[in-house]
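**Q** Below are the structure tokens for one structure; questions will follow.
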Amino acid sequence: MTRIPGREAIGKKGWLRAHKWLLLRRSSQLGLLLAFALGPWLGIWIVRGTLTSSLTLDRLPLTDPFFLLQSLAAGHLPYREALIGAGIVLAFYLLVGGRVYCSWVCPMNIVTDTAAWLRRRLNLQSARAPSPSTRYWLLGAILVASLASGTLAWEWINPVSLLHRGLLFGLGAAWAIVLGVFLYDLLIATKGWCGHLCPMGATYSLLNLTGVPKVSALRRAACDDCLDCYAVCPEPQIIRPALKGDGSAIVSSLNCTHCGRCIDVCAQDVFQMTTRFHHRRVGHEQGTDPIADRLDCGTARPVH
Amino acid sequence: MRCGLCVRACPYDTLKLSAFGDGVAPGTPYFEPRRVPCEMCPDIPCVKACPTGALDRGLEDIARASMGLAVLIDHETCLNFNGLRCDVCYRICPLIDKAITLDMQRNARTGKHAMFIPVVHSDACTGCGKCERACVLETAAIKVLPIQQAKGELGRHYRLGWEEKAKAGKSLLPQEVLELPVRRPGGGS
């Protein structure tokens, strides 16, 4: 009998508490989408534009730093609104943690979460995922391609903006790209897109350096090794140092999306949402490369 | 940034964003003149809305916009080419007598009538597409094309004699002009 991750937590904590962070995230994702869609659908204009660049209540400009980066690489310096907008977004994510975008804002997250859920239910085992550092190489390649072509190179196929823009302006054939990512995650690589390839997520990982909220395995002594957190985590490689190491209990990897799903599914209540300043007992060990380590780029510290 | 703020700013719902699979970069703003042409708002809200400069704010007079170039592409179906006085593209043009003029020519078919041929001038045409929208045919004979598709380009070494003459203020030919024999068909001279 296959273990269904979270089943034990539901029995112990009740369905609602075992889905608290998931429900909060879905409300955030759908609420943001609704804020963008009320204009084109019902004529109630709260936000104009897309996640790429938008204007809220005809006042507040917001611009995605990943797009600004592509634009700058392409040799185009945008107008002041776009720069101010990107500054506001940068400041926000530096405060709350970059990859909060991935799990609380990005519309593709619902697609890849569904693929991961179905994969667990169907018990599909194939695991041909590329290295989690592939996304950083891809990000670099995109900036070089933008520089060479003078265009926003990734925007030909970026599933995130294609889906979001498609819902607001007409999908065209973008459903094929979205379906492709879904099938890739379902059949080829577990958590393949968000956890290994997405260069937009890679950009937000780099902005994850200073975020205040952090997931911590505060009650790691209570861990009964059920592995439910590993099963649901979009970046399972990041849990081990905090859960099984003897250093800080804070999940310090830059790839943590702060989705909180590990908190939901743990029947033993091992995980909590804390701040980065919580229980900082041990810093980084001597002789390791803290940044590369936290990017999961290979020079992992020894795990005890 | 492919954000669509220009689309939202357009009061006539002229602009749309291209979708994935349309052949251009997804999210590129465009319009179909035959469906909804550009109304050439004097305050140019689409340009004002653009946060990146993809639409250039240096454009302050919409009459100087260059969104494309109208081309009277089908001479066989154009009513004016058939000797009628349709003139609709000429009359509707926001820059009438600048972007489109009527050129009177002899109607060789009847031998006694005139044809008023609509002529588009690329230096004035903004590509707003009102002519394409208004063309009375089932399918428009005049169409807005991307400028690089519509325009030819003279070799850079070409000089137009009459312009050089006007620039110099006098004829640039040597005083002693070579006398060449005039040859006519039929061998006469």
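FYI, nothing fancy with the structure tokens labels: chains A, B, ... in order, residues from 1 per chain, ligands from 1 as they appear.
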I need the contact residues of chain A against chain B, so if you could list those with any atom within 8 Å, counting only C-alpha atoms, and return them as a compact mmCIF listing (two decimals) with C-alpha atoms, in the first residue's frame, that would help.
**A**
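Result file is result_37.txt:
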# COMPACT_ATOMS: atom_id res chain seq x y z
CA ARG A 48 -3.95 46.96 -15.70
CA GLY A 49 -1.31 45.06 -17.63
CA THR A 50 0.21 41.72 -16.65
CA LEU A 51 2.61 40.35 -14.06
CA THR A 52 5.37 41.50 -16.41
CA SER A 53 4.55 45.14 -15.97
CA SER A 54 1.41 46.58 -14.47
CA LEU A 55 -0.29 49.68 -13.15
CA PHE A 67 11.93 41.02 -17.48
CA SER A 71 15.49 44.12 -21.31
CA LEU A 77 16.87 50.90 -20.76
CA PRO A 78 13.14 51.30 -20.05
CA TYR A 79 11.38 54.47 -18.88
CA ARG A 80 11.41 55.53 -15.26
CA GLU A 81 8.05 53.90 -14.36
CA ALA A 82 9.40 50.48 -15.27
CA LEU A 152 13.53 39.51 -24.69
CA GLU A 155 9.57 35.50 -23.94
CA TRP A 156 9.12 33.34 -27.03
CA LEU A 162 2.37 32.94 -21.78
CA ARG A 165 -1.00 36.88 -20.45
CA GLY A 166 -3.04 34.23 -22.24
CA PHE A 169 -5.49 38.67 -23.52
CA GLY A 170 -6.23 35.38 -25.28
CA LEU A 171 -4.37 32.11 -24.99
CA GLY A 172 -3.71 31.27 -28.65
CA ALA A 173 -1.58 28.14 -28.85
CA ALA A 174 0.05 28.85 -25.46
**Q** Please identify all polymer residues within 12 Å of Glu60 (chain B), counting only C-alpha atoms, omitting same-chain residues fewer than 3 positions from it, and present them as a list in words.
**A**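 Neighbouring residues, sequence-local ones excluded: Met40, Cys41, Pro42, Asp43, Ile44, Pro45, Cys46, Val47, Lys48, Leu55, Asp56, Arg57, Ala63, Arg64 and Ala65 of chain B.
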**Q** Compile the contact shell of region 24-41 of chain A as a PDB file with N, CA and C atoms, in the first residue's frame: residues with an atom at most 9 Å away, counting only C-alpha atoms, same-chain residues fewer than 3 positions apart removed.
**A**
ATOM      1  N   HIS A  19      -4.087  21.646   5.506  1.00  0.00           N
ATOM      2  CA  HIS A  19      -4.065  22.319   4.203  1.00  0.00           C
ATOM      3  C   HIS A  19      -3.954  23.832   4.355  1.00  0.00           C
ATOM      4  N   LYS A  20      -3.596  24.281   5.558  1.00  0.00           N
ATOM      5  CA  LYS A  20      -3.621  25.718   5.845  1.00  0.00           C
ATOM      6  C   LYS A  20      -2.794  26.532   4.841  1.00  0.00           C
ATOM      7  N   TRP A  21      -1.523  26.149   4.690  1.00  0.00           N
ATOM      8  CA  TRP A  21      -0.643  26.953   3.829  1.00  0.00           C
ATOM      9  C   TRP A  21      -1.006  26.794   2.373  1.00  0.00           C
ATOM     10  N   ILE A  44     -13.988  46.058 -14.167  1.00  0.00           N
ATOM     11  CA  ILE A  44     -13.574  46.659 -12.887  1.00  0.00           C
ATOM     12  C   ILE A  44     -12.056  46.730 -12.897  1.00  0.00           C
ATOM     13  N   TRP A  45     -11.531  47.943 -13.082  1.00  0.00           N
ATOM     14  CA  TRP A  45     -10.088  48.068 -13.315  1.00  0.00           C
ATOM     15  C   TRP A  45      -9.340  48.336 -12.021  1.00  0.00           C
ATOM     16  N   ILE A  46      -8.802  47.273 -11.437  1.00  0.00           N
ATOM     17  CA  ILE A  46      -7.941  47.413 -10.268  1.00  0.00           C
ATOM     18  C   ILE A  46      -6.486  47.445 -10.746  1.00  0.00           C
ATOM     19  N   VAL A  47      -6.143  46.429 -11.531  1.00  0.00           N
ATOM     20  CA  VAL A  47      -4.787  46.334 -12.064  1.00  0.00           C
ATOM     21  C   VAL A  47      -4.874  46.258 -13.585  1.00  0.00           C
ATOM     22  N   ARG A  48      -4.078  47.062 -14.256  1.00  0.00           N
ATOM     23  CA  ARG A  48      -3.949  46.962 -15.705  1.00  0.00           C
ATOM     24  C   ARG A  48      -2.624  46.309 -16.042  1.00  0.00           C
ATOM     25  N   GLY A  49      -2.562  45.657 -17.195  1.00  0.00           N
ATOM     26  CA  GLY A  49      -1.306  45.058 -17.631  1.00  0.00           C
ATOM     27  C   GLY A  49      -1.229  43.596 -17.231  1.00  0.00           C
ATOM     28  N   THR A  50      -0.009  43.115 -17.048  1.00  0.00           N
ATOM     29  CA  THR A  50       0.209  41.724 -16.648  1.00  0.00           C
ATOM     30  C   THR A  50       1.252  41.691 -15.543  1.00  0.00           C
ATOM     31  N   LEU A  51       1.576  40.488 -15.084  1.00  0.00           N
ATOM     32  CA  LEU A  51       2.610  40.353 -14.055  1.00  0.00           C
ATOM     33  C   LEU A  51       3.946  40.917 -14.537  1.00  0.00           C
ATOM     34  N   SER A 103       5.636  30.376  -5.341  1.00  0.00           N
ATOM     35  CA  SER A 103       4.581  29.589  -4.725  1.00  0.00           C
ATOM     36  C   SER A 103       3.341  30.401  -4.357  1.00  0.00           C
ATOM     37  N   TRP A 104       3.458  31.706  -4.336  1.00  0.00           N
ATOM     38  CA  TRP A 104       2.312  32.514  -3.921  1.00  0.00           C
ATOM     39  C   TRP A 104       1.746  33.374  -5.042  1.00  0.00           C
ATOM     40  N   VAL A 105       2.479  33.542  -6.131  1.00  0.00           N
ATOM     41  CA  VAL A 105       2.053  34.449  -7.198  1.00  0.00           C
ATOM     42  C   VAL A 105       1.941  33.725  -8.542  1.00  0.00           C
ATOM     43  N   CYS A 106       2.973  32.981  -8.893  1.00  0.00           N
ATOM     44  CA  CYS A 106       3.093  32.425 -10.246  1.00  0.00           C
ATOM     45  C   CYS A 106       1.910  31.510 -10.604  1.00  0.00           C
ATOM     46  N   PRO A 107       1.244  31.765 -11.739  1.00  0.00           N
ATOM     47  CA  PRO A 107       0.099  30.931 -12.113  1.00  0.00           C
ATOM     48  C   PRO A 107       0.517  29.517 -12.552  1.00  0.00           C
ATOM     49  N   ASN A 109       2.497  27.657 -11.065  1.00  0.00           N
ATOM     50  CA  ASN A 109       2.662  26.830  -9.874  1.00  0.00           C
ATOM     51  C   ASN A 109       1.473  25.888  -9.687  1.00  0.00           C
ATOM     52  N   ILE A 110       0.277  26.371 -10.017  1.00  0.00           N
ATOM     53  CA  ILE A 110      -0.916  25.527  -9.878  1.00  0.00           C
ATOM     54  C   ILE A 110      -0.816  24.348 -10.850  1.00  0.00           C
ATOM     55  N   HIS A 164      -0.145  33.493 -18.040  1.00  0.00           N
ATOM     56  CA  HIS A 164      -0.773  34.638 -17.380  1.00  0.00           C
ATOM     57  C   HIS A 164      -1.342  35.612 -18.416  1.00  0.00           C
ATOM     58  N   LEU A 167      -4.424  34.191 -20.244  1.00  0.00           N
ATOM     59  CA  LEU A 167      -5.704  34.244 -19.534  1.00  0.00           C
ATOM     60  C   LEU A 167      -6.328  35.630 -19.633  1.00  0.00           C
ATOM     61  N   LEU A 168      -5.491  36.660 -19.788  1.00  0.00           N
ATOM     62  CA  LEU A 168      -6.004  38.032 -19.801  1.00  0.00           C
ATOM     63  C   LEU A 168      -6.225  38.573 -21.214  1.00  0.00           C
ATOM     64  N   PHE A 169      -5.438  38.076 -22.177  1.00  0.00           N
ATOM     65  CA  PHE A 169      -5.485  38.669 -23.521  1.00  0.00           C
ATOM     66  C   PHE A 169      -5.819  37.656 -24.604  1.00  0.00           C
ATOM     67  N   CYS A 259       6.567  27.709   0.475  1.00  0.00           N
ATOM     68  CA  CYS A 259       5.188  27.298   0.196  1.00  0.00           C
ATOM     69  C   CYS A 259       4.516  26.771   1.453  1.00  0.00           C
ATOM     70  N   GLY A 260       5.319  26.303   2.408  1.00  0.00           N
ATOM     71  CA  GLY A 260       4.746  25.865   3.674  1.00  0.00           C
ATOM     72  C   GLY A 260       4.059  24.514   3.620  1.00  0.00           C
TER      73      GLY A 260
ATOM     74  N   ARG B   8      -4.666  48.195 -23.004  1.00  0.00           N
ATOM     75  CA  ARG B   8      -5.673  48.647 -22.037  1.00  0.00           C
ATOM     76  C   ARG B   8      -5.931  50.144 -22.167  1.00  0.00           C
TER      77      ARG B   8
END
**Q** List the spatial neighbours of Lys214 (chain A) as a list of chain:residue names - criterion: any atom at most 6 Å away, only C-alpha atoms, same-chain residues fewer than 3 positions off excluded.
**A**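 Skipping anything fewer than 3 positions along the chain leaves A:Met273, A:Thr274, A:Thr275, A:Arg276.
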**Q** Would you mind writing down, as a PyMOL selection string, each residue of region 10-197 of chain A that DSSP on the backbone assigns to alpha helix (DSSP H)?
**A** chain A and resi 10-13+20-42+65-73+80-96+100-104+108-122+134-149+159-169+174-183+192
**Q** Please return as number ranges by chain: the residues of chain B that backbone DSSP assigns to strand (DSSP E).
**A** B: 16-17, 29-30, 69-72, 100-107, 113-120, 142-145
**Q** Taking 2 positions as the minimum chain separation for residues in the same chain, which residues sit within 9 Å of Arg120 (chain A) when counting only C-alpha atoms? Answer as a PyMOL selection string.
**A** chain A and resi 4-5+115-118+122-125+231-232
**Q** Those residues you just picked out, can you put them in a file as a PDB file, in the first residue's frame with all heavy atoms?
**A**
ATOM      1  N   ILE A   4       0.161   7.867   1.236  1.00  0.00           N
ATOM      2  CA  ILE A   4      -0.242   9.138   0.645  1.00  0.00           C
ATOM      3  C   ILE A   4       0.222  10.257   1.555  1.00  0.00           C
ATOM      4  O   ILE A   4      -0.214  10.368   2.699  1.00  0.00           O
ATOM      5  CB  ILE A   4      -1.777   9.192   0.449  1.00  0.00           C
ATOM      6  CG1 ILE A   4      -2.195   8.123  -0.564  1.00  0.00           C
ATOM      7  CG2 ILE A   4      -2.199  10.579  -0.007  1.00  0.00           C
ATOM      8  CD1 ILE A   4      -3.680   7.968  -0.706  1.00  0.00           C
ATOM      9  N   PRO A   5       1.139  11.117   1.068  1.00  0.00           N
ATOM     10  CA  PRO A   5       1.703  12.171   1.912  1.00  0.00           C
ATOM     11  C   PRO A   5       0.600  13.086   2.425  1.00  0.00           C
ATOM     12  O   PRO A   5      -0.259  13.518   1.661  1.00  0.00           O
ATOM     13  CB  PRO A   5       2.637  12.928   0.965  1.00  0.00           C
ATOM     14  CG  PRO A   5       2.873  12.001  -0.180  1.00  0.00           C
ATOM     15  CD  PRO A   5       1.676  11.138  -0.285  1.00  0.00           C
ATOM     16  N   ALA A 115       0.509  18.549 -11.456  1.00  0.00           N
ATOM     17  CA  ALA A 115       1.286  17.449 -12.052  1.00  0.00           C
ATOM     18  C   ALA A 115       1.962  16.624 -10.962  1.00  0.00           C
ATOM     19  O   ALA A 115       1.944  15.385 -11.000  1.00  0.00           O
ATOM     20  CB  ALA A 115       2.318  18.012 -13.026  1.00  0.00           C
ATOM     21  N   ALA A 116       2.528  17.319  -9.966  1.00  0.00           N
ATOM     22  CA  ALA A 116       3.233  16.607  -8.889  1.00  0.00           C
ATOM     23  C   ALA A 116       2.254  15.773  -8.058  1.00  0.00           C
ATOM     24  O   ALA A 116       2.549  14.640  -7.669  1.00  0.00           O
ATOM     25  CB  ALA A 116       3.960  17.612  -7.996  1.00  0.00           C
ATOM     26  N   TRP A 117       1.063  16.347  -7.831  1.00  0.00           N
ATOM     27  CA  TRP A 117       0.037  15.640  -7.059  1.00  0.00           C
ATOM     28  C   TRP A 117      -0.403  14.373  -7.799  1.00  0.00           C
ATOM     29  O   TRP A 117      -0.467  13.284  -7.229  1.00  0.00           O
ATOM     30  CB  TRP A 117      -1.153  16.573  -6.835  1.00  0.00           C
ATOM     31  CG  TRP A 117      -2.335  15.940  -6.176  1.00  0.00           C
ATOM     32  CD1 TRP A 117      -2.515  15.752  -4.841  1.00  0.00           C
ATOM     33  CD2 TRP A 117      -3.497  15.401  -6.825  1.00  0.00           C
ATOM     34  NE1 TRP A 117      -3.718  15.126  -4.615  1.00  0.00           N
ATOM     35  CE2 TRP A 117      -4.347  14.900  -5.802  1.00  0.00           C
ATOM     36  CE3 TRP A 117      -3.907  15.300  -8.157  1.00  0.00           C
ATOM     37  CZ2 TRP A 117      -5.576  14.301  -6.080  1.00  0.00           C
ATOM     38  CZ3 TRP A 117      -5.122  14.706  -8.435  1.00  0.00           C
ATOM     39  CH2 TRP A 117      -5.949  14.208  -7.405  1.00  0.00           C
ATOM     40  N   LEU A 118      -0.666  14.526  -9.115  1.00  0.00           N
ATOM     41  CA  LEU A 118      -1.120  13.392  -9.919  1.00  0.00           C
ATOM     42  C   LEU A 118      -0.040  12.320 -10.003  1.00  0.00           C
ATOM     43  O   LEU A 118      -0.311  11.117  -9.953  1.00  0.00           O
ATOM     44  CB  LEU A 118      -1.482  13.900 -11.318  1.00  0.00           C
ATOM     45  CG  LEU A 118      -2.372  12.993 -12.172  1.00  0.00           C
ATOM     46  CD1 LEU A 118      -3.690  12.736 -11.462  1.00  0.00           C
ATOM     47  CD2 LEU A 118      -2.620  13.622 -13.534  1.00  0.00           C
ATOM     48  N   LEU A 122      -0.570   8.537  -8.977  1.00  0.00           N
ATOM     49  CA  LEU A 122      -0.409   7.456  -9.954  1.00  0.00           C
ATOM     50  C   LEU A 122       0.848   6.647  -9.680  1.00  0.00           C
ATOM     51  O   LEU A 122       1.132   5.671 -10.359  1.00  0.00           O
ATOM     52  CB  LEU A 122      -0.349   8.026 -11.378  1.00  0.00           C
ATOM     53  CG  LEU A 122      -1.589   8.810 -11.829  1.00  0.00           C
ATOM     54  CD1 LEU A 122      -1.383   9.397 -13.223  1.00  0.00           C
ATOM     55  CD2 LEU A 122      -2.827   7.916 -11.824  1.00  0.00           C
ATOM     56  N   ASN A 123       1.607   7.124  -8.669  1.00  0.00           N
ATOM     57  CA  ASN A 123       2.827   6.436  -8.276  1.00  0.00           C
ATOM     58  C   ASN A 123       3.794   6.257  -9.449  1.00  0.00           C
ATOM     59  O   ASN A 123       4.332   5.178  -9.681  1.00  0.00           O
ATOM     60  CB  ASN A 123       2.486   5.083  -7.649  1.00  0.00           C
ATOM     61  CG  ASN A 123       3.602   4.612  -6.725  1.00  0.00           C
ATOM     62  OD1 ASN A 123       4.424   5.417  -6.297  1.00  0.00           O
ATOM     63  ND2 ASN A 123       3.641   3.328  -6.448  1.00  0.00           N
ATOM     64  N   LEU A 124       3.982   7.348 -10.214  1.00  0.00           N
ATOM     65  CA  LEU A 124       4.908   7.293 -11.361  1.00  0.00           C
ATOM     66  C   LEU A 124       6.326   7.472 -10.847  1.00  0.00           C
ATOM     67  O   LEU A 124       6.598   8.359 -10.043  1.00  0.00           O
ATOM     68  CB  LEU A 124       4.569   8.403 -12.366  1.00  0.00           C
ATOM     69  CG  LEU A 124       3.164   8.321 -12.941  1.00  0.00           C
ATOM     70  CD1 LEU A 124       2.878   9.517 -13.833  1.00  0.00           C
ATOM     71  CD2 LEU A 124       2.978   7.029 -13.725  1.00  0.00           C
ATOM     72  N   GLN A 125       7.234   6.630 -11.308  1.00  0.00           N
ATOM     73  CA  GLN A 125       8.555   6.594 -10.686  1.00  0.00           C
ATOM     74  C   GLN A 125       9.682   7.184 -11.539  1.00  0.00           C
ATOM     75  O   GLN A 125      10.746   7.452 -11.010  1.00  0.00           O
ATOM     76  CB  GLN A 125       8.921   5.148 -10.318  1.00  0.00           C
ATOM     77  CG  GLN A 125       8.034   4.550  -9.232  1.00  0.00           C
ATOM     78  CD  GLN A 125       8.151   5.268  -7.899  1.00  0.00           C
ATOM     79  OE1 GLN A 125       9.141   5.957  -7.668  1.00  0.00           O
ATOM     80  NE2 GLN A 125       7.164   5.137  -7.034  1.00  0.00           N
ATOM     81  N   ALA A 231       8.272  14.264   0.034  1.00  0.00           N
ATOM     82  CA  ALA A 231       7.382  13.939  -1.086  1.00  0.00           C
ATOM     83  C   ALA A 231       6.683  15.180  -1.627  1.00  0.00           C
ATOM     84  O   ALA A 231       6.490  15.310  -2.835  1.00  0.00           O
ATOM     85  CB  ALA A 231       6.346  12.905  -0.644  1.00  0.00           C
ATOM     86  N   VAL A 232       6.311  16.109  -0.749  1.00  0.00           N
ATOM     87  CA  VAL A 232       5.542  17.261  -1.239  1.00  0.00           C
ATOM     88  C   VAL A 232       6.421  18.471  -1.558  1.00  0.00           C
ATOM     89  O   VAL A 232       5.991  19.352  -2.288  1.00  0.00           O
ATOM     90  CB  VAL A 232       4.462  17.705  -0.221  1.00  0.00           C
ATOM     91  CG1 VAL A 232       3.442  16.593  -0.027  1.00  0.00           C
ATOM     92  CG2 VAL A 232       5.095  18.126   1.089  1.00  0.00           C
TER      93      VAL A 232
END
**Q** Please indicate the distance in Å from CA of Phe182 (chain A) to CA of Gln237 (chain A), rounded to one decimal place.
**A**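 These two atoms are separated by 21.3 Å.
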**Q** Nearest to Asp185 (chain A): which of A:Pro234, A:Val160, A:Cys262, A:Leu90 is it, counting only C-alpha atoms?
**A**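 Comparing A:Pro234, A:Val160, A:Cys262, A:Leu90 against Asp185 (chain A), the winner is A:Pro234.
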